[in-house]
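Visitor: Shown below is the structure under consideration.
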Amino acid sequence: MGVVVCEPQPSFISGYTALHFSKALANTILLMIIEELFLLYRKRPLEVRFWRKVTKTKSCWLWNGGTSEGYGMFMVEKHHYQLAHHVSWDLAFGLRPEYCKQFDVMHICDDRRCIRPSHLVLGSRGANVCDVFLKGRKRQFRRSSPFA
């Protein structure tokens, strides 16, 4: 009574019985649905993917995704990462023109994980280095630096 025996039925596709074919078809359909959902997940708009990794506090909006040296990193395209505060700036104010790419996106609040657009400003590399030094976030410069 515990053993289920498949009754031989006419084979209509590649030697499958009707029972085996219906199970294989159900599994195939399930796999197709899973694959489609995965593709939809990966094709979500950049903004949706970005803002899901942010926790908003009263003052700063903190990045909860991957980091490098304390700065948030975001995968814009496959194998192409950008600093999270740069992406935040571009989403809030539009893409920076090519002539603005030479400027750094600087933090007013001095929190590397903060991506709140009102806490970000554009500044030259020299202004950013001076800001870091004057606020005491970096105690020494390398000997090769002109600021040493």
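Labels used: A, B, ... for chains in the order of the structure tokens, numbers from 1 for residues in each chain, and numbers from 1 for ligands as shown.
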Pick out each residue of region 9-134 of chain A that DSSP on the backbone tags as strand (DSSP E); I need them as a ChimeraX atom specification.
Guide: /A:54-56,61-63,67-68,71-77,80-83,104-107,120-123
Visitor: Write the residues you've just listed into a file as a compact mmCIF listing (two decimals), in the first residue's frame, and include N, CA and C atoms for each of them.
Guide:
# COMPACT_ATOMS: atom_id res chain seq x y z
N VAL A 54 19.60 53.04 2.16
CA VAL A 54 19.79 54.27 2.93
C VAL A 54 18.88 54.27 4.16
N THR A 55 19.45 54.67 5.30
CA THR A 55 18.66 54.89 6.51
C THR A 55 18.67 56.39 6.80
N LYS A 56 17.47 56.97 6.87
CA LYS A 56 17.36 58.41 7.10
C LYS A 56 17.21 58.66 8.60
N TRP A 61 21.61 61.10 6.28
CA TRP A 61 21.07 59.91 5.63
C TRP A 61 22.25 58.97 5.44
N LEU A 62 22.24 57.86 6.16
CA LEU A 62 23.40 56.99 6.21
C LEU A 62 23.32 55.84 5.21
N TRP A 63 24.43 55.58 4.54
CA TRP A 63 24.54 54.51 3.57
C TRP A 63 24.75 53.19 4.30
N THR A 67 31.01 49.46 1.54
CA THR A 67 31.86 50.64 1.74
C THR A 67 33.30 50.34 1.33
N SER A 68 34.02 51.39 1.10
CA SER A 68 35.46 51.32 0.85
C SER A 68 36.09 52.50 1.57
N TYR A 71 33.69 55.17 2.87
CA TYR A 71 32.77 55.80 1.92
C TYR A 71 31.86 54.74 1.30
N GLY A 72 30.59 55.08 1.15
CA GLY A 72 29.65 54.16 0.54
C GLY A 72 29.98 53.91 -0.93
N MET A 73 29.80 52.66 -1.36
CA MET A 73 30.03 52.28 -2.76
C MET A 73 28.74 51.68 -3.31
N PHE A 74 28.38 52.07 -4.54
CA PHE A 74 27.14 51.61 -5.16
C PHE A 74 27.44 51.11 -6.57
N MET A 75 26.89 49.92 -6.91
CA MET A 75 27.09 49.38 -8.24
C MET A 75 26.07 50.00 -9.20
N VAL A 76 26.54 50.90 -10.05
CA VAL A 76 25.69 51.60 -11.00
C VAL A 76 25.32 50.66 -12.15
N GLU A 77 26.30 49.98 -12.66
CA GLU A 77 26.11 48.97 -13.70
C GLU A 77 26.92 47.75 -13.28
N HIS A 80 30.63 48.10 -12.31
CA HIS A 80 30.97 49.53 -12.35
C HIS A 80 30.42 50.19 -11.08
N TYR A 81 31.33 50.52 -10.17
CA TYR A 81 30.95 51.10 -8.88
C TYR A 81 31.25 52.59 -8.85
N GLN A 82 30.41 53.33 -8.09
CA GLN A 82 30.66 54.75 -7.85
C GLN A 82 30.49 55.01 -6.36
N LEU A 83 31.11 56.09 -5.89
CA LEU A 83 30.90 56.50 -4.50
C LEU A 83 29.43 56.87 -4.30
N ASP A 104 35.42 67.59 -6.44
CA ASP A 104 35.02 66.56 -5.48
C ASP A 104 33.64 66.89 -4.94
N VAL A 105 32.89 65.85 -4.58
CA VAL A 105 31.65 66.04 -3.82
C VAL A 105 32.05 65.94 -2.36
N MET A 106 31.97 67.06 -1.65
CA MET A 106 32.47 67.15 -0.27
C MET A 106 31.32 67.03 0.73
N HIS A 107 31.63 66.46 1.90
CA HIS A 107 30.65 66.34 2.99
C HIS A 107 30.76 67.56 3.91
N LEU A 120 25.96 67.86 1.05
CA LEU A 120 27.01 67.69 0.05
C LEU A 120 27.21 68.98 -0.73
N VAL A 121 28.45 69.30 -1.02
CA VAL A 121 28.78 70.47 -1.86
C VAL A 121 29.90 70.07 -2.82
N LEU A 122 29.96 70.80 -3.94
CA LEU A 122 31.06 70.59 -4.87
C LEU A 122 32.23 71.49 -4.47
N GLY A 123 33.42 70.96 -4.55
CA GLY A 123 34.60 71.75 -4.23
C GLY A 123 35.80 71.20 -4.96
